[in-house]
Amino acid sequence: MIWEIILIVYILLLVWLIFNIILDYDNRNPVKTISWIFAIIFIPLLGMLAYYIVGRNIRKKRSKTKKLRDQFNKQHKHTFRFDKNNPEYSHYTELQKLIYNLEHVPVLPGNHAEVYPSGKVKFEHLLKDVDEAKEHIHIFYFIIGDNVIGCKLKDLLIKKVKEGINVRLIYDGLGSSQTNLKYFNQMKDIGVDVRTFLPLNFFRILHSINYRNHRKIVIIDGKVAYTGGINVKDEYVDGLEWGKWNDSHFKIEGPAAQALQSVFLADWYYVSGEYLSSDKFYPVLGNVGNSPVQIVNGEPFGLHSNILEAIFVAITRAKKSVYIETPYFIPTSNLLSAIQTAAMSGIDVRLLIPGRSDSGKVQYASNTYIECLLRNNVKVYRYAIGFTHSKLMIIDDELVIAGSSNLDIRSLELHFETNIFIYDVNIAQTVKEIYFKDLADSEEVNLEQWINRPKRIKFKEACFRLASPLF
């Protein structure tokens, strides 16, 4: 009798959970919905637990951080020198309007932008600028390690605090989970205000382990900002045992640095409850360069996947070329269609991905897209001298898209990310040269050879692709 009751309760629970999964995803992603339903049917206990921890859709919730960003941007609008109607920036009118409607940040003119093609070069400039800070330093990294480069940053921040500079630092609880807490406590003891984004504990793991903050942002005195793909860890500088770590990062001086300031301050409020909106964080700036920039943020909340939608429009409006470099490629169906349609329309579309990844499951899933891309005229290259972690896109030699987001479902729909859109021919040319140097260190994939790979490898890759909506 008791087993019958248990069975009835189990069936009712299963039906209730399937009902909620169907409602949860609102038919926007039927593949993901079906994947979760199969998971809880065939591996019920593990599937139910996994769905509760990482599977629930929270996109319908409102984003407190976005609301705050909008508030900061509107409050300090005069310092940004908004000029959304200037025809000088009309090359991508639809894209610019989309970003403005999503982010309330139009094209910000008057910036100076630099690209750093390696961790070594990035940290040389970053540490110098941090050392020259006069008022405040704001830092957010997904990963902050306690190794050589991490200790250099720690020692410098302690030095700046002793000089009377306000230093605020946020790190992601999962991304930096391997870092010894003594590292952060040493900074706290001296006066660095250190906070954790979604700290790891039992209750948070159950509710929010899936929603990580993957941003990499530094803002100095409200004038200079750094963002891109490079975290604070030695391999980003020294490479891996089996090859080079290839990556890129950007320095922005000007109004766009203050738009990144709004991103940090909104996240700061989220982790600390401290509302910082003083004009001292938004000093009035003159022209420091000729690069128009827009900022796009991604979050697991709201009705839109902002970065995904902006990239989709950029690709579909391309006239000549689309060059993409990403460490993780598991695109949504819409993004995949945009890439393939552009290539079939005669546009030069190239995709550069790792030949060997730091994530085996992601690489297996990524490999399943290569044949389809090749058959649709996309040129695919695999980085051959190490691991490329660089996140770059160059459209028509005019527009550069860079930042923290990867071209995989998790990054585009579940993580907190920040990208910059730079409308500048000169910057595009510089980034294009970096991109083609990376192509020279890569191997182009041949369709015939790729098709003739062993079936056991293809089967393994197909299995990981089926599971990709779950990781």
# chains A, B, ... in the order shown; residues from 1 in each chain; ligands from 1

$ select_by_dssp --residues "region 291-333 of chain A" --states "strand (DSSP E or B)" --output "MDAnalysis selection string"
chainID A and resid 291:298 321:325 329:330

$ residues_around --residues "His104 (chain A)" --least-positions-apart "3" --cutoff "9 Å" --atoms "only C-alpha atoms" --output "PDB file with all heavy atoms, in the first residue's frame"
ATOM      1  N   ARG A  69      21.061  50.717 -14.007  1.00  0.00           N
ATOM      2  CA  ARG A  69      21.900  51.235 -15.093  1.00  0.00           C
ATOM      3  C   ARG A  69      21.170  52.325 -15.849  1.00  0.00           C
ATOM      4  O   ARG A  69      21.729  53.378 -16.151  1.00  0.00           O
ATOM      5  CB  ARG A  69      22.300  50.113 -16.056  1.00  0.00           C
ATOM      6  CG  ARG A  69      23.351  49.173 -15.547  1.00  0.00           C
ATOM      7  CD  ARG A  69      24.009  48.420 -16.696  1.00  0.00           C
ATOM      8  NE  ARG A  69      23.050  47.779 -17.568  1.00  0.00           N
ATOM      9  CZ  ARG A  69      22.586  46.545 -17.404  1.00  0.00           C
ATOM     10  NH1 ARG A  69      22.996  45.830 -16.379  1.00  0.00           N
ATOM     11  NH2 ARG A  69      21.733  46.025 -18.251  1.00  0.00           N
ATOM     12  N   ASP A  70      19.914  52.062 -16.189  1.00  0.00           N
ATOM     13  CA  ASP A  70      19.117  53.058 -16.897  1.00  0.00           C
ATOM     14  C   ASP A  70      19.013  54.344 -16.077  1.00  0.00           C
ATOM     15  O   ASP A  70      19.098  55.458 -16.612  1.00  0.00           O
ATOM     16  CB  ASP A  70      17.717  52.513 -17.190  1.00  0.00           C
ATOM     17  CG  ASP A  70      17.740  51.369 -18.193  1.00  0.00           C
ATOM     18  OD1 ASP A  70      18.783  51.179 -18.840  1.00  0.00           O
ATOM     19  OD2 ASP A  70      16.719  50.670 -18.313  1.00  0.00           O
ATOM     20  N   ASN A  73      22.357  56.178 -16.132  1.00  0.00           N
ATOM     21  CA  ASN A  73      22.610  56.764 -17.447  1.00  0.00           C
ATOM     22  C   ASN A  73      21.765  58.009 -17.687  1.00  0.00           C
ATOM     23  O   ASN A  73      22.242  59.005 -18.241  1.00  0.00           O
ATOM     24  CB  ASN A  73      22.339  55.728 -18.540  1.00  0.00           C
ATOM     25  CG  ASN A  73      23.378  54.627 -18.552  1.00  0.00           C
ATOM     26  OD1 ASN A  73      24.486  54.799 -18.062  1.00  0.00           O
ATOM     27  ND2 ASN A  73      23.017  53.479 -19.111  1.00  0.00           N
ATOM     28  N   LYS A  74      20.499  57.964 -17.265  1.00  0.00           N
ATOM     29  CA  LYS A  74      19.629  59.125 -17.445  1.00  0.00           C
ATOM     30  C   LYS A  74      20.057  60.272 -16.534  1.00  0.00           C
ATOM     31  O   LYS A  74      20.033  61.442 -16.925  1.00  0.00           O
ATOM     32  CB  LYS A  74      18.178  58.725 -17.163  1.00  0.00           C
ATOM     33  CG  LYS A  74      17.584  57.792 -18.209  1.00  0.00           C
ATOM     34  CD  LYS A  74      16.182  57.343 -17.823  1.00  0.00           C
ATOM     35  CE  LYS A  74      15.622  56.372 -18.849  1.00  0.00           C
ATOM     36  NZ  LYS A  74      14.275  55.876 -18.467  1.00  0.00           N
ATOM     37  N   ILE A  99      20.032  48.954 -30.020  1.00  0.00           N
ATOM     38  CA  ILE A  99      20.799  49.036 -28.783  1.00  0.00           C
ATOM     39  C   ILE A  99      20.253  50.142 -27.885  1.00  0.00           C
ATOM     40  O   ILE A  99      20.148  49.972 -26.662  1.00  0.00           O
ATOM     41  CB  ILE A  99      22.294  49.262 -29.089  1.00  0.00           C
ATOM     42  CG1 ILE A  99      22.871  48.033 -29.809  1.00  0.00           C
ATOM     43  CG2 ILE A  99      23.081  49.541 -27.812  1.00  0.00           C
ATOM     44  CD1 ILE A  99      24.293  48.212 -30.298  1.00  0.00           C
ATOM     45  N   TYR A 100      19.886  51.268 -28.490  1.00  0.00           N
ATOM     46  CA  TYR A 100      19.330  52.367 -27.690  1.00  0.00           C
ATOM     47  C   TYR A 100      18.031  51.936 -27.017  1.00  0.00           C
ATOM     48  O   TYR A 100      17.806  52.218 -25.832  1.00  0.00           O
ATOM     49  CB  TYR A 100      19.093  53.583 -28.575  1.00  0.00           C
ATOM     50  CG  TYR A 100      18.503  54.750 -27.812  1.00  0.00           C
ATOM     51  CD1 TYR A 100      19.291  55.491 -26.930  1.00  0.00           C
ATOM     52  CD2 TYR A 100      17.163  55.103 -27.955  1.00  0.00           C
ATOM     53  CE1 TYR A 100      18.756  56.553 -26.217  1.00  0.00           C
ATOM     54  CE2 TYR A 100      16.626  56.150 -27.239  1.00  0.00           C
ATOM     55  CZ  TYR A 100      17.428  56.878 -26.381  1.00  0.00           C
ATOM     56  OH  TYR A 100      16.888  57.929 -25.661  1.00  0.00           O
ATOM     57  N   ASN A 101      17.175  51.242 -27.747  1.00  0.00           N
ATOM     58  CA  ASN A 101      15.900  50.800 -27.180  1.00  0.00           C
ATOM     59  C   ASN A 101      16.094  49.730 -26.100  1.00  0.00           C
ATOM     60  O   ASN A 101      15.313  49.650 -25.148  1.00  0.00           O
ATOM     61  CB  ASN A 101      14.982  50.274 -28.280  1.00  0.00           C
ATOM     62  CG  ASN A 101      14.441  51.379 -29.168  1.00  0.00           C
ATOM     63  OD1 ASN A 101      14.273  52.508 -28.725  1.00  0.00           O
ATOM     64  ND2 ASN A 101      14.195  51.067 -30.434  1.00  0.00           N
TER      65      ASN A 101
END

$ residues_around --residues "Ser359 (chain A)" --least-positions-apart "5" --cutoff "10 Å" --atoms "only C-alpha atoms" --output "ChimeraX atom specification"
/A:327-328,364

$ write_last_selection --atoms "N, CA, C and O atoms" --output "compact mmCIF listing (two decimals), in the first residue's frame"
# COMPACT_ATOMS: atom_id res chain seq x y z
N PRO A 327 35.84 31.47 -28.31
CA PRO A 327 36.36 30.22 -27.75
C PRO A 327 35.31 29.12 -27.65
O PRO A 327 35.66 27.94 -27.63
N TYR A 328 34.04 29.51 -27.56
CA TYR A 328 32.96 28.54 -27.37
C TYR A 328 31.85 28.87 -28.36
O TYR A 328 31.29 29.96 -28.34
N TYR A 364 33.20 19.34 -28.09
CA TYR A 364 32.47 18.27 -28.77
C TYR A 364 31.17 18.80 -29.37
O TYR A 364 30.83 18.49 -30.51

$ select_by_dssp --residues "region 245-443 of chain A" --states "helix (DSSP H, G or I)" --output "VMD selection string"
chain A and resid 255 to 272 279 to 281 306 to 316 333 to 344 360 to 367 370 to 375 409 to 413 425 to 440

$ closest_residue --among "A:Leu157, A:Leu198, A:Val378, A:Ile385" --to "Leu174 (chain A)" --atoms "only C-alpha atoms"
A:Leu198

$ residues_around --residues "Phe421 (chain A)" --least-positions-apart "4" --cutoff "9 Å" --atoms "only C-alpha atoms" --output "list in words"
Pro292, Val293, Gln294, Ile295, Val296, Leu399, Val400, Ile401, Ala402 and Gly403 of chain A

$ write_last_selection --atoms "N, CA and C atoms" --output "CSV table (one decimal), in the first residue's frame"
chain,number,residue,atom,x,y,z
A,292,PRO,N,33.3,56.3,-31.9
A,292,PRO,CA,32.0,56.2,-31.3
A,292,PRO,C,31.7,54.8,-30.8
A,293,VAL,N,31.2,54.7,-29.6
A,293,VAL,CA,31.0,53.4,-28.9
A,293,VAL,C,29.6,53.3,-28.3
A,294,GLN,N,29.0,52.1,-28.4
A,294,GLN,CA,27.8,51.7,-27.6
A,294,GLN,C,28.1,50.6,-26.7
A,295,ILE,N,27.4,50.5,-25.6
A,295,ILE,CA,27.6,49.4,-24.6
A,295,ILE,C,26.3,48.6,-24.6
A,296,VAL,N,26.5,47.3,-24.7
A,296,VAL,CA,25.4,46.3,-24.6
A,296,VAL,C,25.6,45.3,-23.5
A,399,LEU,N,32.9,48.0,-38.1
A,399,LEU,CA,32.3,47.8,-36.8
A,399,LEU,C,33.1,46.7,-36.0
A,400,VAL,N,33.5,46.9,-34.8
A,400,VAL,CA,34.1,45.9,-34.0
A,400,VAL,C,33.2,45.6,-32.8
A,401,ILE,N,32.9,44.3,-32.6
A,401,ILE,CA,32.2,43.9,-31.4
A,401,ILE,C,33.1,43.0,-30.5
A,402,ALA,N,33.2,43.4,-29.3
A,402,ALA,CA,34.1,42.7,-28.4
A,402,ALA,C,33.6,42.8,-27.0
A,403,GLY,N,34.2,42.0,-26.0
A,403,GLY,CA,33.7,42.1,-24.7
A,403,GLY,C,33.9,40.8,-24.0

$ closest_residue --among "A:Gly386, A:Trp16, A:Ala266, A:Asn377" --to "Glu241 (chain A)" --atoms "only C-alpha atoms"
A:Gly386

$ atom_distance --atom1 "CA of Thr430 (chain A)" --atom2 "CA of Gly119 (chain A)"
17.1 Å
